[in-house]
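Student: Sharing data-v6.txt (compact mmCIF, C-alpha atoms) below.
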```txt
# COMPACT_ATOMS: atom_id res chain seq x y z
CA MET E 1 39.78 -17.29 18.76
CA ALA E 2 39.79 -14.41 16.31
CA GLN E 3 37.41 -16.29 14.12
CA SER E 4 34.90 -16.87 16.89
CA ALA E 5 35.02 -13.16 17.78
CA ILE E 6 34.14 -12.32 14.18
CA SER E 7 31.24 -14.73 14.12
CA VAL E 8 29.89 -13.28 17.40
CA ASP E 9 30.11 -9.80 15.87
CA ALA E 10 28.34 -10.98 12.74
CA HIS E 11 25.66 -12.54 14.88
CA HIS E 12 25.11 -9.30 16.80
CA GLU E 13 25.01 -7.30 13.62
CA HIS E 14 22.51 -9.68 12.11
CA GLN E 15 20.31 -9.49 15.17
CA HIS E 16 20.54 -5.70 15.02
CA ASP E 17 19.32 -5.73 11.40
CA THR E 18 16.43 -8.00 12.34
CA PHE E 19 15.36 -5.60 15.08
CA LYS E 20 15.57 -2.62 12.73
CA LEU E 21 13.34 -4.37 10.25
CA LEU E 22 10.94 -5.33 13.05
CA GLY E 23 10.84 -1.69 14.14
CA PHE E 24 9.82 -0.72 10.63
CA TRP E 25 7.08 -3.36 10.57
CA ILE E 26 5.74 -1.89 13.82
CA PHE E 27 5.75 1.57 12.22
CA LEU E 28 3.74 0.13 9.31
CA VAL E 29 1.21 -1.30 11.77
CA THR E 30 0.78 2.11 13.45
CA ASP E 31 0.43 3.75 10.04
CA CYS E 32 -2.23 1.15 9.27
CA ILE E 33 -4.13 2.36 12.33
CA ILE E 34 -4.02 5.97 11.08
CA PHE E 35 -5.50 4.84 7.79
CA ALA E 36 -8.07 2.68 9.62
CA CYS E 37 -9.30 5.81 11.45
CA LEU E 38 -9.52 7.76 8.19
CA PHE E 39 -11.34 4.87 6.49
CA ALA E 40 -13.78 4.67 9.40
CA VAL E 41 -14.50 8.40 9.13
CA TYR E 42 -15.00 8.08 5.39
CA ALA E 43 -17.30 5.06 5.77
CA VAL E 44 -19.48 7.03 8.19
CA LEU E 45 -19.49 10.32 6.26
CA ARG E 46 -19.67 9.09 2.66
CA THR E 47 -23.43 9.63 2.52
CA HIS E 48 -23.19 13.16 4.00
CA THR E 49 -23.20 15.03 0.71
CA ASP E 50 -25.54 17.80 1.88
CA GLY E 51 -27.35 17.70 -1.47
CA ASP E 52 -24.15 18.27 -3.45
CA LEU E 53 -22.54 16.00 -6.02
CA THR E 54 -21.88 12.42 -4.92
CA GLY E 55 -18.94 10.15 -5.78
CA ARG E 56 -20.85 8.74 -8.73
CA GLU E 57 -20.82 12.15 -10.42
CA LEU E 58 -17.38 13.24 -9.23
CA PHE E 59 -15.13 10.18 -9.70
CA GLU E 60 -13.78 9.47 -13.16
CA VAL E 61 -13.31 5.76 -13.87
CA LYS E 62 -10.49 6.40 -16.34
CA GLY E 63 -8.51 8.50 -13.89
CA PHE E 64 -8.64 6.25 -10.84
CA THR E 65 -8.11 3.12 -12.96
CA ALA E 66 -4.94 4.64 -14.40
CA GLU E 67 -3.77 5.61 -10.90
CA THR E 68 -4.37 2.06 -9.66
CA PHE E 69 -2.49 0.34 -12.47
CA ILE E 70 0.40 2.82 -12.23
CA LEU E 71 0.79 2.18 -8.49
CA LEU E 72 0.55 -1.60 -8.95
CA ALA E 73 3.24 -1.43 -11.63
CA SER E 74 5.48 0.68 -9.37
CA SER E 75 5.08 -1.86 -6.56
CA PHE E 76 6.25 -4.52 -9.04
CA THR E 77 9.23 -2.47 -10.25
CA SER E 78 10.34 -1.75 -6.68
CA GLY E 79 10.28 -5.53 -6.17
CA LEU E 80 12.47 -5.93 -9.27
CA ALA E 81 14.83 -3.33 -7.78
CA SER E 82 15.32 -5.39 -4.64
CA LEU E 83 15.81 -8.48 -6.79
CA ALA E 84 18.54 -6.69 -8.76
CA MET E 85 20.13 -5.61 -5.47
CA HIS E 86 20.37 -9.19 -4.21
CA LYS E 87 22.03 -10.11 -7.52
CA GLY E 88 24.52 -7.31 -6.79
CA SER E 89 23.77 -5.29 -9.91
CA LYS E 90 24.02 -1.60 -9.02
CA LYS E 91 23.04 -0.46 -12.52
CA GLN E 92 19.85 -2.53 -12.59
CA LEU E 93 19.01 -1.55 -9.02
CA LEU E 94 19.26 2.17 -9.79
CA GLY E 95 17.39 1.64 -13.06
CA TRP E 96 14.40 -0.06 -11.45
CA LEU E 97 14.34 2.46 -8.60
CA ALA E 98 14.29 5.25 -11.22
CA VAL E 99 11.37 3.56 -13.02
CA THR E 100 9.57 3.25 -9.66
CA VAL E 101 10.11 6.95 -8.92
CA LEU E 102 8.83 7.93 -12.38
CA LEU E 103 5.69 5.81 -11.93
CA GLY E 104 5.22 7.31 -8.47
CA LEU E 105 5.56 10.82 -9.88
CA SER E 106 2.95 10.14 -12.55
CA PHE E 107 0.63 8.77 -9.85
CA VAL E 108 1.01 11.94 -7.78
CA GLY E 109 0.58 14.05 -10.94
CA LEU E 110 -2.69 12.27 -11.81
CA GLU E 111 -3.95 12.66 -8.26
CA ILE E 112 -3.21 16.40 -8.20
CA THR E 113 -4.99 16.78 -11.55
CA GLU E 114 -7.98 14.84 -10.17
CA PHE E 115 -8.15 17.01 -7.04
CA ALA E 116 -7.83 20.21 -9.10
CA ASN E 117 -10.62 19.08 -11.46
CA MET E 118 -12.87 18.27 -8.53
CA ALA E 119 -12.16 21.63 -6.91
CA SER E 120 -12.97 23.42 -10.16
CA GLU E 121 -16.34 21.63 -10.19
CA GLY E 122 -16.97 23.10 -6.73
CA ALA E 123 -16.08 19.92 -4.81
CA LYS E 124 -13.64 21.26 -2.20
CA ILE E 125 -12.52 19.90 1.17
CA THR E 126 -14.80 22.43 2.90
CA THR E 127 -17.89 21.62 0.79
CA ASN E 128 -19.42 18.81 2.88
CA GLY E 129 -18.63 15.91 5.22
CA PHE E 130 -18.22 13.42 2.39
CA LEU E 131 -15.62 15.58 0.63
CA SER E 132 -13.77 16.48 3.87
CA SER E 133 -13.28 12.79 4.64
CA PHE E 134 -12.50 11.97 0.99
CA PHE E 135 -9.75 14.58 0.63
CA THR E 136 -8.30 13.72 4.05
CA LEU E 137 -8.11 9.99 3.34
CA VAL E 138 -6.89 10.13 -0.26
CA GLY E 139 -4.70 13.17 0.43
CA THR E 140 -2.96 11.46 3.37
CA HIS E 141 -2.14 8.54 1.08
CA GLY E 142 -0.90 10.96 -1.60
CA LEU E 143 1.36 12.66 0.96
CA HIS E 144 2.74 9.27 1.97
CA VAL E 145 3.54 8.54 -1.69
CA SER E 146 5.18 11.96 -2.15
CA PHE E 147 7.29 11.43 0.96
CA GLY E 148 8.21 7.95 -0.30
CA LEU E 149 9.44 9.48 -3.57
CA ILE E 150 11.78 11.89 -1.75
CA TRP E 151 13.00 9.01 0.42
CA MET E 152 13.60 6.76 -2.58
CA ILE E 153 15.56 9.45 -4.42
CA GLY E 154 17.66 9.91 -1.26
CA VAL E 155 18.40 6.18 -1.16
CA MET E 156 19.36 6.28 -4.86
CA VAL E 157 21.85 9.09 -4.19
CA GLN E 158 23.34 7.07 -1.35
CA ILE E 159 23.70 3.95 -3.52
CA GLY E 160 25.40 6.11 -6.13
CA ARG E 161 27.94 7.26 -3.54
CA HIS E 162 28.47 4.11 -1.46
CA ASP E 163 27.56 1.25 -3.82
CA ILE E 164 25.58 -1.74 -2.55
CA ASP E 165 26.74 -2.48 1.02
CA SER E 166 24.96 -3.81 4.10
CA LEU E 167 23.69 -0.31 5.00
CA THR E 168 22.30 0.62 1.59
CA LYS E 169 20.85 -2.89 1.26
CA GLU E 170 18.91 -2.37 4.45
CA LYS E 171 17.66 1.02 3.26
CA VAL E 172 16.45 -0.34 -0.08
CA THR E 173 14.65 -3.18 1.73
CA ILE E 174 12.89 -0.77 4.10
CA VAL E 175 11.86 1.78 1.47
CA GLY E 176 10.61 -1.16 -0.64
CA LEU E 177 8.44 -2.41 2.23
CA TYR E 178 7.04 1.10 2.65
CA TRP E 179 6.24 1.29 -1.05
CA HIS E 180 4.42 -2.09 -1.10
CA PHE E 181 2.50 -0.99 2.00
CA LEU E 182 1.27 2.16 0.21
CA ASP E 183 0.08 -0.05 -2.61
CA VAL E 184 -1.91 -2.14 -0.11
CA VAL E 185 -3.54 1.03 1.30
CA TRP E 186 -4.35 2.20 -2.22
CA ILE E 187 -6.09 -1.11 -3.03
CA PHE E 188 -8.55 -0.32 -0.25
CA ILE E 189 -8.98 3.29 -1.40
CA PHE E 190 -9.62 1.98 -4.93
CA THR E 191 -12.21 -0.49 -3.64
CA VAL E 192 -13.92 1.37 -0.80
CA VAL E 193 -13.76 4.93 -2.10
CA TYR E 194 -13.79 4.69 -5.88
CA LEU E 195 -15.48 1.39 -6.80
CA LEU E 196 -18.16 1.64 -4.11
CA GLY E 197 -18.44 5.35 -5.01
CA VAL E 198 -19.25 4.83 -8.67
CA MET E 199 -21.38 1.73 -8.05
CA MET L 1 18.45 -22.12 1.75
CA GLY L 2 18.39 -20.07 4.97
CA SER L 3 15.02 -18.53 5.69
CA HIS L 4 16.49 -15.00 5.81
CA GLU L 5 18.14 -15.50 2.44
CA ASN L 6 14.81 -16.02 0.74
CA HIS L 7 14.16 -12.73 -1.03
CA GLY L 8 11.83 -14.08 -3.67
CA SER L 9 12.66 -14.73 -7.29
CA ALA L 10 11.75 -13.02 -10.55
CA LYS L 11 9.11 -15.72 -10.95
CA THR L 12 7.29 -14.91 -7.69
CA TYR L 13 7.37 -11.18 -8.47
CA ILE L 14 5.97 -11.68 -11.99
CA LEU L 15 3.34 -14.10 -10.68
CA GLY L 16 2.38 -11.66 -7.92
CA PHE L 17 2.13 -8.82 -10.43
CA LEU L 18 -0.10 -10.85 -12.79
CA PHE L 19 -2.36 -11.82 -9.87
CA SER L 20 -2.62 -8.21 -8.73
CA LEU L 21 -3.49 -7.03 -12.26
CA LEU L 22 -6.19 -9.68 -12.48
CA LEU L 23 -7.56 -8.83 -9.03
CA THR L 24 -7.82 -5.18 -10.10
CA ALA L 25 -9.42 -5.86 -13.48
CA ILE L 26 -12.09 -8.23 -12.11
CA PRO L 27 -13.74 -5.87 -9.57
CA LEU L 28 -13.51 -3.00 -12.06
CA TRP L 29 -15.34 -5.09 -14.66
CA LEU L 30 -17.90 -6.28 -12.09
CA VAL L 31 -18.71 -2.71 -11.06
CA ILE L 32 -18.87 -1.24 -14.58
CA GLN L 33 -21.04 -4.09 -15.93
CA HIS L 34 -23.33 -4.23 -12.85
CA VAL L 35 -23.48 -8.02 -13.07
CA MET L 36 -24.83 -8.49 -9.53
CA ASN L 37 -27.09 -6.76 -7.08
CA LYS L 38 -25.56 -4.12 -4.86
CA THR L 39 -24.98 -6.22 -1.73
CA ALA L 40 -23.41 -9.14 -3.60
CA LEU L 41 -21.24 -6.71 -5.54
CA THR L 42 -20.05 -4.92 -2.39
CA VAL L 43 -19.15 -8.18 -0.66
CA SER L 44 -17.37 -9.54 -3.76
CA ILE L 45 -15.19 -6.50 -4.37
CA LEU L 46 -14.25 -6.26 -0.68
CA LEU L 47 -13.26 -9.95 -0.68
CA ILE L 48 -11.18 -9.40 -3.82
CA ALA L 49 -9.44 -6.46 -2.10
CA VAL L 50 -8.52 -8.74 0.81
CA LEU L 51 -7.14 -11.31 -1.65
CA GLN L 52 -5.11 -8.54 -3.27
CA LEU L 53 -3.71 -7.63 0.16
CA ILE L 54 -2.67 -11.24 0.73
CA ILE L 55 -0.92 -11.28 -2.66
CA GLN L 56 1.05 -8.14 -1.76
CA PHE L 57 2.01 -9.52 1.64
CA PHE L 58 3.18 -12.90 0.42
CA PHE L 59 4.58 -12.20 -3.05
CA PHE L 60 6.05 -8.70 -2.53
CA MET L 61 6.55 -8.10 1.19
CA HIS L 62 7.68 -11.69 1.98
CA ILE L 63 6.06 -11.86 5.39
CA ARG L 64 7.11 -15.51 5.69
CA GLU L 65 10.72 -14.36 5.70
CA GLY L 66 12.76 -13.76 8.84
CA GLU L 67 13.82 -15.78 11.82
CA LYS L 68 11.45 -17.30 14.28
CA PRO L 69 9.78 -16.09 16.39
CA ARG L 70 8.31 -13.85 13.71
CA PHE L 71 7.47 -10.80 15.77
CA HIS L 72 6.49 -8.80 12.69
CA VAL L 73 3.69 -11.26 11.96
CA MET L 74 2.45 -10.92 15.55
CA ALA L 75 2.55 -7.12 15.18
CA LEU L 76 0.55 -7.42 11.95
CA VAL L 77 -2.06 -9.63 13.60
CA LEU L 78 -2.42 -7.14 16.45
CA GLY L 79 -2.71 -4.36 13.84
CA ALA L 80 -5.43 -6.30 12.01
CA VAL L 81 -7.41 -6.65 15.25
CA MET L 82 -7.14 -2.89 15.90
CA VAL L 83 -8.04 -1.98 12.32
CA PHE L 84 -11.10 -4.24 12.45
CA THR L 85 -12.18 -2.81 15.83
CA ILE L 86 -11.81 0.79 14.69
CA VAL L 87 -13.52 0.40 11.31
CA ALA L 88 -16.29 -2.08 12.18
CA GLY L 89 -16.86 -0.49 15.60
CA SER L 90 -17.19 3.03 14.17
CA ILE L 91 -19.57 1.95 11.42
CA TRP L 92 -21.65 -0.09 13.87
CA ILE L 93 -21.92 2.58 16.55
CA MET L 94 -22.73 5.30 14.02
CA THR L 95 -25.74 3.34 12.77
CA PHE L 96 -27.35 4.41 16.05
CA ASN L 97 -27.03 8.02 14.93
CA SER L 98 -30.31 8.88 13.23
CA GLN L 99 -28.55 11.30 10.87
CA VAL L 100 -26.58 8.51 9.21
CA HIS L 101 -28.97 6.97 6.75
```
Here is a file; write its structure as structure tokens.

Tutor:
Amino acid sequence: MAQSAISVDAHHEHQHDTFKLLGFWIFLVTDCIIFACLFAVYAVLRTHTDGDLTGRELFEVKGFTAETFILLASSFTSGLASLAMHKGSKKQLLGWLAVTVLLGLSFVGLEITEFANMASEGAKITTNGFLSSFFTLVGTHGLHVSFGLIWMIGVMVQIGRHDIDSLTKEKVTIVGLYWHFLDVVWIFIFTVVYLLGVM
Amino acid sequence: MGSHENHGSAKTYILGFLFSLLLTAIPLWLVIQHVMNKTALTVSILLIAVLQLIIQFFFFMHIREGEKPRFHVMALVLGAVMVFTIVAGSIWIMTFNSQVH
């Protein structure tokens, strides 16, 4: 009797977790739609340079290549973090999350440097349609990454306090999904904005 | 092995990472070396980006995981339809604007 009650509880809890994860997937889909709108605007406005510098002159291959590889590596290390979590190793989990945060910070640092360099060359968000859409698209992604960093540090603090339990496990899984999703969005920024820009 | 217990292994993560590195290096090389004409190049790098997305979804985000029915996959398919409509529709309709050329 008691045993069956426990298994019913476990079943409910499990279903609850599944729904939470589904809710997060639905959030990711809606976030995808935001980025789709920004990509559409960029695709339409990328030729509207009003006689100013184009992407070919403004984008630096070294800079955006470094950003891309750093973000790819951080997506990998956040995967290793979730692997360590399922093995039950708190030390490894915190270690890989810390590496992910450091890679994320260097990505944001590079992006800020890139934006500052562009602004100093006179390429500001108010300059023309191309640059307005560029800064909005890439900046929105950068804000997502920055928010993800704060979130990930918060999750690390919680793991430090409560160890790996069902709640912290769920949080690591969700922040990991978010992080991989940002990597997917960046792949398209890398291809559509930078590669097509310097082509 | 229960389907919800499948969180991937070190091997799938490493394999996924190697694939994603390769799929970043190839388009970069193609663009820098200008090995094709512009249209072929554009199509190739966009296709490689889609491949890269598939790698992330399967190797890192484990979309095959979870109990059936997989509502998150349905949500993703719906999202893909909306993304396609917004992006392709905007580009298409704006080609009728004489200023966009």

Student: Could you tell me how far atom CA of E:Thr18 sits from atom CA of L:Pro69, in Å to one decimal place?

Tutor: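 About the pair atom CA of L:Pro69 and atom CA of E:Thr18: they are 11.2 Å apart.
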
Student: Residues near E:Val184, anyone? I mean within 8 Å using all atoms listed in the file, not counting same-chain ones fewer than 2 positions away, as a list in words.

Tutor: His180, Phe181, Leu182, Trp186, Ile187 and Phe188 of chain E; Gln52, Leu53 and Gln56 of chain L

Student: Contacts of E:Met199 at 9 Å or less, counting all atoms listed in the file, minus same-chain residues fewer than 4 places along, as a list of chain:residue names?

Tutor: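 The residues that qualify are E:Arg56, E:Tyr194, E:Leu195, L:Val31, L:Ile32, L:His34, L:Lys38, L:Leu41, L:Thr42.
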
Student: As an exercise, work out the distance from atom CA of E:Tyr42 to atom CA of E:Phe134 in Å and give it to one decimal place.

Tutor: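 Distance between the two atoms: 6.4 Å.
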
Student: Residues of chain L near chain E: apply a cut-off of 8 Å, count all atoms listed in the file, and supply the list as a PyMOL selection string.

Tutor: chain L and resi 7-10+13-14+17+20-21+27-28+31-32+34+38+42+45-46+49+52-53+56+60-61+66+71-72+75-76+79+82-83+86-88+90-91+94+100-101

Student: Residues near E:Val172, anyone? I mean within 9 Å using all atoms listed in the file, not counting same-chain ones fewer than 5 positions away, as a list in words.

Tutor: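 Skipping anything fewer than 5 positions along the chain leaves Ala81, Ser82, Met85, Met152, Val155, Met156, Leu167 and Leu177 of chain E.
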
Student: By how many Å are atom CA of E:Gly88 and atom CA of E:Gln158 apart?

Tutor: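 Between these atoms lies a distance of 15.4 Å.
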
Student: If we count only C-alpha atoms and set the cut-off at 9 Å, which residues sit around stretch 115-125 of chain E, ignoring sequence neighbours fewer than 4 positions away in its own chain? Please answer as a PyMOL selection string.

Tutor: chain E and resi 52-53+58-59+110-111+129-136

Student: Take the residues from that selection and put them in a file with C-alpha atoms, as a short mmCIF file (atom, residue, chain, number, x, y, z; two decimals), keeping the file's coordinate frame.

Tutor:
```
data_model
loop_
_atom_site.label_atom_id
_atom_site.label_comp_id
_atom_site.auth_asym_id
_atom_site.auth_seq_id
_atom_site.Cartn_x
_atom_site.Cartn_y
_atom_site.Cartn_z
CA ASP E 52 -24.15 18.27 -3.45
CA LEU E 53 -22.54 16.00 -6.02
CA LEU E 58 -17.38 13.24 -9.23
CA PHE E 59 -15.13 10.18 -9.70
CA LEU E 110 -2.69 12.27 -11.81
CA GLU E 111 -3.95 12.66 -8.26
CA GLY E 129 -18.63 15.91 5.22
CA PHE E 130 -18.22 13.42 2.39
CA LEU E 131 -15.62 15.58 0.63
CA SER E 132 -13.77 16.48 3.87
CA SER E 133 -13.28 12.79 4.64
CA PHE E 134 -12.50 11.97 0.99
CA PHE E 135 -9.75 14.58 0.63
CA THR E 136 -8.30 13.72 4.05
#
```

Student: Mind checking which residues fall within 8 Å of E:Ser74, counting all atoms listed in the file, ignoring those fewer than 6 positions away in the same chain, and posting them as a list in words?

Tutor: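 So, after excluding close chain neighbours, the residues are Val99, Thr100, Val101, Leu103 and Gly104 of chain E.
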
Student: Have a look at E:Val138, E:Ala66, E:Ile112, E:Ile153 and name the one nearest to E:Lys171; count all atoms listed in the file.

Tutor: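 Using all atoms listed in the file, E:Lys171 sits closest to E:Ile153.
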
Student: Could N, CA and C atoms be built for stretch 88-105 of chain E and written out as a CSV table (one decimal), in the coordinates of the input?

Tutor:
```csv
chain,number,residue,atom,x,y,z
E,88,GLY,N,23.3,-8.1,-6.9
E,88,GLY,CA,24.5,-7.3,-6.8
E,88,GLY,C,24.7,-6.4,-8.0
E,89,SER,N,23.6,-6.2,-8.7
E,89,SER,CA,23.8,-5.3,-9.9
E,89,SER,C,23.3,-3.9,-9.6
E,90,LYS,N,24.3,-3.0,-9.4
E,90,LYS,CA,24.0,-1.6,-9.0
E,90,LYS,C,23.2,-0.9,-10.1
E,91,LYS,N,23.7,-1.1,-11.4
E,91,LYS,CA,23.0,-0.5,-12.5
E,91,LYS,C,21.6,-0.8,-12.6
E,92,GLN,N,21.3,-2.1,-12.5
E,92,GLN,CA,19.8,-2.5,-12.6
E,92,GLN,C,19.0,-2.0,-11.4
E,93,LEU,N,19.7,-2.0,-10.2
E,93,LEU,CA,19.0,-1.6,-9.0
E,93,LEU,C,18.6,-0.1,-9.2
E,94,LEU,N,19.6,0.7,-9.6
E,94,LEU,CA,19.3,2.2,-9.8
E,94,LEU,C,18.2,2.4,-10.9
E,95,GLY,N,18.3,1.5,-12.0
E,95,GLY,CA,17.4,1.6,-13.1
E,95,GLY,C,16.0,1.4,-12.6
E,96,TRP,N,15.8,0.3,-11.9
E,96,TRP,CA,14.4,-0.1,-11.4
E,96,TRP,C,13.9,0.9,-10.4
E,97,LEU,N,14.8,1.4,-9.6
E,97,LEU,CA,14.3,2.5,-8.6
E,97,LEU,C,13.9,3.7,-9.4
E,98,ALA,N,14.7,4.1,-10.4
E,98,ALA,CA,14.3,5.2,-11.2
E,98,ALA,C,12.9,5.1,-11.9
E,99,VAL,N,12.7,3.8,-12.4
E,99,VAL,CA,11.4,3.6,-13.0
E,99,VAL,C,10.3,3.7,-12.0
E,100,THR,N,10.5,3.2,-10.7
E,100,THR,CA,9.6,3.2,-9.7
E,100,THR,C,9.3,4.7,-9.3
E,101,VAL,N,10.3,5.5,-9.2
E,101,VAL,CA,10.1,7.0,-8.9
E,101,VAL,C,9.3,7.6,-10.0
E,102,LEU,N,9.6,7.3,-11.3
E,102,LEU,CA,8.8,7.9,-12.4
E,102,LEU,C,7.4,7.5,-12.3
E,103,LEU,N,7.1,6.3,-12.1
E,103,LEU,CA,5.7,5.8,-11.9
E,103,LEU,C,5.0,6.5,-10.8
E,104,GLY,N,5.8,6.6,-9.6
E,104,GLY,CA,5.2,7.3,-8.5
E,104,GLY,C,4.9,8.8,-8.8
E,105,LEU,N,5.8,9.4,-9.5
E,105,LEU,CA,5.6,10.8,-9.9
E,105,LEU,C,4.3,11.0,-10.8
```
